[in-house]
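Okay, entry-v5.cif now, which holds mmCIF, C-alpha atoms:
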data_structure
loop_
_atom_site.label_atom_id
_atom_site.label_comp_id
_atom_site.auth_asym_id
_atom_site.auth_seq_id
_atom_site.Cartn_x
_atom_site.Cartn_y
_atom_site.Cartn_z
CA MET A 1 0.00 0.00 0.00
CA PRO A 2 1.39 3.41 -0.87
CA ASP A 3 1.90 5.99 1.85
CA ARG A 4 0.83 8.77 -0.56
CA LEU A 5 -1.19 9.17 -3.73
CA TYR A 6 0.14 12.27 -5.46
CA PHE A 7 -3.21 13.59 -6.67
CA THR A 8 -3.18 16.95 -4.81
CA GLU A 9 -0.71 19.58 -3.65
CA SER A 10 -1.55 18.72 -0.02
CA ASP A 11 0.63 16.12 1.63
CA GLU A 12 -2.10 15.51 4.21
CA ALA A 13 -4.73 14.90 1.51
CA ASN A 14 -2.35 12.64 -0.42
CA ALA A 15 -1.69 10.56 2.70
CA LEU A 16 -5.41 10.36 3.56
CA ASN A 17 -6.36 9.24 0.04
CA ALA A 18 -3.72 6.50 0.17
CA ALA A 19 -4.58 5.25 3.65
CA ASP A 20 -8.39 5.47 3.71
CA PRO A 21 -10.37 3.50 1.10
CA MET A 22 -13.44 5.68 1.68
CA ALA A 23 -11.35 8.79 0.98
CA LEU A 24 -10.09 7.23 -2.24
CA LEU A 25 -13.62 6.42 -3.42
CA VAL A 26 -14.95 9.85 -2.44
CA GLY A 27 -12.12 11.42 -4.42
CA PHE A 28 -13.03 9.39 -7.48
CA VAL A 29 -16.70 10.30 -7.14
CA LEU A 30 -15.74 13.99 -6.95
CA ASP A 31 -13.42 13.67 -9.97
CA GLN A 32 -15.86 15.18 -12.41
CA GLN A 33 -15.73 18.62 -14.01
CA VAL A 34 -13.01 19.77 -11.61
CA THR A 35 -9.27 19.20 -11.56
CA VAL A 36 -7.87 16.01 -10.09
CA GLN A 37 -6.32 18.17 -7.39
CA LYS A 38 -9.69 19.69 -6.40
CA ALA A 39 -11.47 16.33 -6.48
CA PHE A 40 -8.95 14.53 -4.31
CA ALA A 41 -8.66 17.43 -1.86
CA GLY A 42 -12.39 16.89 -1.24
CA PRO A 43 -12.10 13.91 1.13
CA LEU A 44 -9.83 15.85 3.49
CA ALA A 45 -12.15 18.89 3.40
CA LEU A 46 -15.14 16.65 4.09
CA ARG A 47 -13.37 14.94 7.00
CA GLU A 48 -12.42 18.31 8.46
CA ARG A 49 -16.00 19.59 8.18
CA LEU A 50 -17.83 16.42 9.23
CA GLY A 51 -15.23 15.08 11.63
CA SER A 52 -15.17 11.66 9.97
CA LEU A 53 -15.04 9.77 6.69
CA ASP A 54 -16.91 6.84 8.19
CA ALA A 55 -19.56 5.66 5.70
CA THR A 56 -22.27 5.60 8.38
CA ALA A 57 -21.43 9.14 9.49
CA ILE A 58 -21.46 10.41 5.89
CA ALA A 59 -24.70 8.56 5.11
CA GLY A 60 -26.39 10.10 8.14
CA ALA A 61 -25.23 13.67 7.58
CA ASP A 62 -26.74 16.56 5.68
CA LEU A 63 -23.80 16.99 3.33
CA GLU A 64 -24.99 19.85 1.18
CA PRO A 65 -24.17 22.63 3.69
CA LEU A 66 -20.73 21.06 4.20
CA PHE A 67 -20.14 20.99 0.46
CA ARG A 68 -21.31 24.60 0.05
CA GLU A 69 -19.19 25.99 2.91
CA LYS A 70 -16.46 28.27 1.54
CA PRO A 71 -14.35 27.18 -0.12
CA ALA A 72 -16.85 24.76 -1.67
CA ILE A 73 -15.74 21.15 -1.82
CA HIS A 74 -16.86 20.92 -5.44
CA ARG A 75 -18.01 23.27 -8.15
CA PHE A 76 -21.41 21.50 -8.08
CA PRO A 77 -21.92 21.19 -4.33
CA GLY A 78 -25.54 20.04 -4.34
CA SER A 79 -25.26 17.21 -6.84
CA MET A 80 -21.88 16.05 -5.56
CA ALA A 81 -23.06 16.08 -1.95
CA GLN A 82 -25.86 13.77 -3.08
CA ARG A 83 -23.45 11.46 -4.93
CA VAL A 84 -21.13 11.21 -1.95
CA HIS A 85 -24.15 10.54 0.27
CA ASP A 86 -25.33 7.80 -2.11
CA LEU A 87 -21.83 6.30 -2.17
CA ALA A 88 -21.74 6.24 1.64
CA VAL A 89 -25.19 4.65 1.90
CA HIS A 90 -24.10 1.94 -0.54
CA ILE A 91 -20.84 1.29 1.35
CA ARG A 92 -22.72 1.23 4.66
CA ASP A 93 -25.47 -1.09 3.42
CA GLU A 94 -23.57 -3.42 1.09
CA TYR A 95 -20.15 -3.57 2.76
CA ASP A 96 -20.90 -2.92 6.43
CA GLY A 97 -19.17 0.44 6.10
CA ASP A 98 -15.85 -1.01 4.90
CA ALA A 99 -15.04 0.71 1.59
CA ALA A 100 -12.07 -1.59 0.89
CA ARG A 101 -14.51 -4.48 0.54
CA VAL A 102 -15.49 -3.03 -2.85
CA TRP A 103 -12.27 -4.65 -4.11
CA THR A 104 -11.39 -7.18 -1.42
CA ASP A 105 -14.75 -8.94 -1.84
CA ALA A 106 -14.25 -9.22 -5.62
CA THR A 107 -13.01 -12.66 -6.63
CA ASP A 108 -12.28 -11.69 -10.23
CA ALA A 109 -12.25 -8.72 -12.61
CA ALA A 110 -15.92 -9.14 -13.52
CA GLY A 111 -16.84 -9.00 -9.84
CA LEU A 112 -14.72 -5.89 -9.32
CA ARG A 113 -16.27 -4.23 -12.36
CA ALA A 114 -19.75 -5.01 -11.01
CA ASN A 115 -18.84 -3.68 -7.54
CA LEU A 116 -17.39 -0.47 -8.97
CA SER A 117 -20.23 0.14 -11.42
CA ALA A 118 -22.73 -0.10 -8.55
CA LEU A 119 -21.13 2.95 -6.89
CA ALA A 120 -22.74 6.37 -7.34
CA GLY A 121 -21.05 8.37 -10.07
CA VAL A 122 -18.83 5.54 -11.33
CA GLY A 123 -19.01 4.69 -15.03
CA GLU A 124 -16.60 3.06 -17.47
CA ILE A 125 -13.97 5.80 -17.39
CA LYS A 126 -13.80 5.80 -13.60
CA ILE A 127 -13.80 2.00 -13.48
CA LYS A 128 -10.64 2.07 -15.63
CA ALA A 129 -9.03 4.73 -13.44
CA ILE A 130 -9.91 3.10 -10.13
CA ALA A 131 -8.80 -0.30 -11.40
CA ALA A 132 -5.48 1.19 -12.53
CA VAL A 133 -4.87 2.76 -9.11
CA LEU A 134 -5.82 -0.48 -7.35
CA ALA A 135 -3.62 -2.62 -9.61
CA LYS A 136 -0.60 -0.33 -9.84
CA ARG A 137 -0.54 1.26 -6.37
CA TYR A 138 -2.19 -1.41 -4.17
CA ASP A 139 -1.26 -4.63 -6.04
CA VAL A 140 -4.92 -5.71 -6.32
CA ALA A 141 -4.62 -8.57 -8.80
CA VAL A 142 -8.32 -8.74 -9.74
CA ALA A 143 -8.06 -5.14 -11.00
CA GLU A 144 -5.29 -5.86 -13.52
CA PRO A 145 -7.55 -7.04 -16.40
CA LEU A 146 -9.52 -3.76 -16.17
CA VAL A 147 -6.46 -1.50 -16.53
CA PRO A 148 -6.43 0.25 -19.90
CA ALA A 149 -3.32 0.49 -22.06
CA HIS A 150 -3.26 4.29 -21.91
CA PRO A 151 -1.92 6.30 -18.94
CA THR A 152 -4.22 6.77 -15.94
CA LEU A 153 -4.01 8.05 -12.38
CA GLY A 154 -2.58 4.64 -11.57
CA ASP A 155 0.63 5.78 -13.26
CA VAL A 156 0.92 8.86 -11.04
CA ASP A 157 3.58 8.28 -8.39
CA THR A 158 4.95 11.82 -7.96
CA ALA A 159 3.73 15.40 -8.28
CA GLU A 160 5.63 15.63 -11.57
CA ALA A 161 3.93 12.49 -12.87
CA LEU A 162 0.54 14.09 -12.16
CA THR A 163 1.50 17.12 -14.23
CA GLU A 164 2.66 14.87 -17.09
CA TYR A 165 -0.50 12.74 -16.89
CA GLN A 166 -2.77 15.81 -16.96
CA ALA A 167 -0.95 17.20 -20.02
CA LEU A 168 -1.35 13.87 -21.85
CA LYS A 169 -4.99 13.58 -20.81
CA LYS A 170 -5.80 16.98 -22.33
CA VAL A 171 -4.46 15.82 -25.67
CA HIS A 172 -5.93 12.30 -25.63
CA LYS A 173 -9.11 12.51 -23.50
CA LYS A 174 -11.60 11.86 -26.30
CA GLU A 175 -9.54 8.97 -27.66
CA TRP A 176 -9.02 7.35 -24.22
CA SER A 177 -12.66 7.78 -23.23
CA SER A 178 -13.85 5.83 -26.25
CA VAL A 179 -11.74 2.72 -25.51
CA PRO A 180 -14.15 0.14 -24.06
CA LEU A 181 -13.35 -1.89 -20.98
CA PRO A 182 -12.02 -5.32 -21.82
CA SER A 183 -14.64 -8.03 -21.51
CA VAL A 184 -13.92 -10.22 -18.52
#

Same coordinates, now as structure tokens:
Amino acid sequence: MPDRLYFTESDEANALNAADPMALLVGFVLDQQVTVQKAFAGPLALRERLGSLDATAIAGADLEPLFREKPAIHRFPGSMAQRVHDLAVHIRDEYDGDAARVWTDATDAAGLRANLSALAGVGEIKIKAIAAVLAKRYDVAVAEPLVPAHPTLGDVDTAEALTEYQALKKVHKKEWSSVPLPSV
């Protein structure tokens, strides 16, 4: 397990995202129409405002005011508060609050794909990205067949690598988005 995921400029956020599976999933849910840095700073901001990243605590909270508090956690605070709430409810109800079970309960790539696609705000592009992070940073073997051939956040292991990845993504986003997941 990595001690940091270099997705933000905050060392504290990078450490939290690496150590806490719920933080990692919240970051991926927030990774929409904002920079990677903003999305993955969100779990730390939420923990600071709510006092916890426990799925039950998140599921039971009114998240919208926390998301709207300045600076806003996301550029679309209402809809993203709802997505994070839905994610937390799913983790609480399906995995007894243990976000890591999304991948540890999967016995193969098809099971992991099904688990990931059941999460709020996770479609094919995010499945590829999450699988790449799980395979390349956490050595989750069942994720390997879902890793695309093109660069992903799974390849980011330094702040410089994030900059390089983001530059490549700008050039190739349409092309990479259209590559289907491998059938497993």

Practice item. Kindly provide, as a VMD selection string, the polymer residues lying within 10 Å of (-0.2, 7.4, -11.5), counting only C-alpha atoms and using the coordinates exactly as they appear in the file. Key: chain A and resid 5 to 7 129 132 to 133 136 to 137 151 to 159 161 to 162 164 to 165

File of the preceding selection, C-alpha atoms, as a PDB file, in the frame of the given file:
ATOM      1  CA  LEU A   5      -1.190   9.170  -3.730  1.00  0.00           C
ATOM      2  CA  TYR A   6       0.140  12.270  -5.460  1.00  0.00           C
ATOM      3  CA  PHE A   7      -3.210  13.590  -6.670  1.00  0.00           C
ATOM      4  CA  ALA A 129      -9.030   4.730 -13.440  1.00  0.00           C
ATOM      5  CA  ALA A 132      -5.480   1.190 -12.530  1.00  0.00           C
ATOM      6  CA  VAL A 133      -4.870   2.760  -9.110  1.00  0.00           C
ATOM      7  CA  LYS A 136      -0.600  -0.330  -9.840  1.00  0.00           C
ATOM      8  CA  ARG A 137      -0.540   1.260  -6.370  1.00  0.00           C
ATOM      9  CA  PRO A 151      -1.920   6.300 -18.940  1.00  0.00           C
ATOM     10  CA  THR A 152      -4.220   6.770 -15.940  1.00  0.00           C
ATOM     11  CA  LEU A 153      -4.010   8.050 -12.380  1.00  0.00           C
ATOM     12  CA  GLY A 154      -2.580   4.640 -11.570  1.00  0.00           C
ATOM     13  CA  ASP A 155       0.630   5.780 -13.260  1.00  0.00           C
ATOM     14  CA  VAL A 156       0.920   8.860 -11.040  1.00  0.00           C
ATOM     15  CA  ASP A 157       3.580   8.280  -8.390  1.00  0.00           C
ATOM     16  CA  THR A 158       4.950  11.820  -7.960  1.00  0.00           C
ATOM     17  CA  ALA A 159       3.730  15.400  -8.280  1.00  0.00           C
ATOM     18  CA  ALA A 161       3.930  12.490 -12.870  1.00  0.00           C
ATOM     19  CA  LEU A 162       0.540  14.090 -12.160  1.00  0.00           C
ATOM     20  CA  GLU A 164       2.660  14.870 -17.090  1.00  0.00           C
ATOM     21  CA  TYR A 165      -0.500  12.740 -16.890  1.00  0.00           C
TER      22      TYR A 165
END

Review point. So what do you get for atom CA of Trp103 of chain A versus atom CA of Asn115 of chain A, distance-wise?
Key: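 Distance between the two atoms: 7.5 Å.
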
Review point. Could you state the separation of atom CA of Ile73 of chain A and atom CA of Lys38 of chain A in Å, given to one decimal place?
Key: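 Computed distance, atom CA of Ile73 of chain A to atom CA of Lys38 of chain A, equals 7.7 Å.
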
**Study point:** Shell of 8 Å around Thr56 of chain A, only C-alpha atoms, local chain residues under 5 positions omitted, as a VMD selection string
**Key:** chain A and resid 88 to 89 92 97

Practice item. Could you state which residues are captured by the PyMOL selection byres ((chain A and resi 1) around 10) in this file, as an MDAnalysis selection string? Key: chainID A and resid 2:5 18:19 134 136:140

Exercise for review: Please provide the set of residues having any atom within 7 Å of Phe67 of chain A, restricted to all atoms listed in the file, with same-chain residues fewer than 4 positions apart removed, written as number ranges by chain.
Suggested key: A: 63, 72-74, 77, 81

Review point. How many Å lie between atom CA of Gln33 of chain A and atom CA of Leu53 of chain A, rounded to one decimal?
Key: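 Interatomic distance, atom CA of Gln33 of chain A to atom CA of Leu53 of chain A: 22.5 Å.
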
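With all atoms listed in the file as the atoms that count, the minimum distance from Asp108 of chain A to the choices A:Pro65, A:Pro145, A:Gly123, A:Pro43 is reached by A:Pro145.
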
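The residues caught by the PyMOL selection byres ((chain A and resi 91) around 10) in this file are Met22, Asp54, Ala55, Thr56, Ala59, His85, Asp86, Leu87, Ala88, Val89, His90, Arg92, Asp93, Glu94, Tyr95, Asp96, Gly97, Asp98, Ala99, Ala100, Arg101, Val102 and Leu119 of chain A.
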
Review point. For Val84 of chain A, which of A:Gly111, A:Ala167, A:Ala15, A:Ala39 is the closest residue, counting only C-alpha atoms?
Key: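 The shortest atom-to-atom distance to Val84 of chain A comes from A:Ala39.
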
Exercise for review: Using the chain letters and numbering of this document, enumerate as a PyMOL selection string the residues selected by the PyMOL selection byres ((chain A and resi 121) around 12).
Suggested key: chain A and resi 25-32+79-88+90+116-120+122-127

Check your understanding: Which is closer to Ile130 of chain A than all the others in A:Leu24, A:Pro71, A:Ser52, A:Lys170, using all atoms listed in the file?
Key -> A:Leu24

Would you mind completing segment 45-72 of chain A to N, CA and C atoms and writing the output as a compact mmCIF listing (two decimals), in the frame of the given file?
# COMPACT_ATOMS: atom_id res chain seq x y z
N ALA A 45 -11.24 17.79 3.04
CA ALA A 45 -12.15 18.89 3.40
C ALA A 45 -13.41 18.33 4.05
N LEU A 46 -13.94 17.25 3.51
CA LEU A 46 -15.14 16.65 4.09
C LEU A 46 -14.86 16.11 5.49
N ARG A 47 -13.72 15.45 5.67
CA ARG A 47 -13.37 14.94 7.00
C ARG A 47 -13.22 16.08 8.00
N GLU A 48 -12.59 17.17 7.57
CA GLU A 48 -12.42 18.31 8.46
C GLU A 48 -13.76 18.92 8.85
N ARG A 49 -14.71 18.96 7.93
CA ARG A 49 -16.00 19.59 8.18
C ARG A 49 -16.97 18.67 8.92
N LEU A 50 -16.92 17.38 8.61
CA LEU A 50 -17.83 16.42 9.23
C LEU A 50 -17.22 15.78 10.47
N GLY A 51 -15.91 15.70 10.52
CA GLY A 51 -15.23 15.08 11.63
C GLY A 51 -14.93 13.61 11.40
N SER A 52 -15.33 13.08 10.24
CA SER A 52 -15.17 11.66 9.97
C SER A 52 -15.36 11.38 8.49
N LEU A 53 -14.74 10.30 8.02
CA LEU A 53 -15.04 9.77 6.69
C LEU A 53 -15.69 8.40 6.80
N ASP A 54 -16.20 8.09 7.97
CA ASP A 54 -16.91 6.84 8.19
C ASP A 54 -18.17 6.84 7.32
N ALA A 55 -18.41 5.74 6.61
CA ALA A 55 -19.56 5.66 5.70
C ALA A 55 -20.88 5.92 6.42
N THR A 56 -21.04 5.39 7.63
CA THR A 56 -22.27 5.60 8.38
C THR A 56 -22.44 7.06 8.75
N ALA A 57 -21.36 7.72 9.15
CA ALA A 57 -21.43 9.14 9.49
C ALA A 57 -21.79 9.98 8.25
N ILE A 58 -21.17 9.67 7.13
CA ILE A 58 -21.46 10.41 5.89
C ILE A 58 -22.91 10.16 5.46
N ALA A 59 -23.34 8.90 5.53
CA ALA A 59 -24.70 8.56 5.11
C ALA A 59 -25.75 9.24 5.97
N GLY A 60 -25.43 9.49 7.22
CA GLY A 60 -26.39 10.10 8.14
C GLY A 60 -26.33 11.61 8.21
N ALA A 61 -25.42 12.21 7.49
CA ALA A 61 -25.23 13.67 7.58
C ALA A 61 -25.94 14.40 6.45
N ASP A 62 -26.27 15.65 6.72
CA ASP A 62 -26.74 16.56 5.68
C ASP A 62 -25.48 17.15 5.06
N LEU A 63 -25.08 16.62 3.93
CA LEU A 63 -23.80 16.99 3.33
C LEU A 63 -23.83 18.30 2.55
N GLU A 64 -24.97 18.68 2.05
CA GLU A 64 -24.99 19.85 1.18
C GLU A 64 -24.42 21.10 1.84
N PRO A 65 -24.78 21.45 3.08
CA PRO A 65 -24.17 22.63 3.69
C PRO A 65 -22.64 22.49 3.83
N LEU A 66 -22.17 21.29 4.08
CA LEU A 66 -20.73 21.06 4.20
C LEU A 66 -20.04 21.25 2.86
N PHE A 67 -20.70 20.83 1.80
CA PHE A 67 -20.14 20.99 0.46
C PHE A 67 -20.18 22.44 0.00
N ARG A 68 -21.16 23.20 0.46
CA ARG A 68 -21.31 24.60 0.05
C ARG A 68 -20.43 25.56 0.87
N GLU A 69 -20.02 25.13 2.07
CA GLU A 69 -19.19 25.99 2.91
C GLU A 69 -17.97 26.44 2.12
N LYS A 70 -17.59 27.71 2.29
CA LYS A 70 -16.46 28.27 1.54
C LYS A 70 -15.14 27.80 2.10
N PRO A 71 -14.19 27.40 1.31
CA PRO A 71 -14.35 27.18 -0.12
C PRO A 71 -15.15 25.89 -0.36
N ALA A 72 -16.00 25.92 -1.36
CA ALA A 72 -16.85 24.76 -1.67
C ALA A 72 -15.99 23.54 -1.98
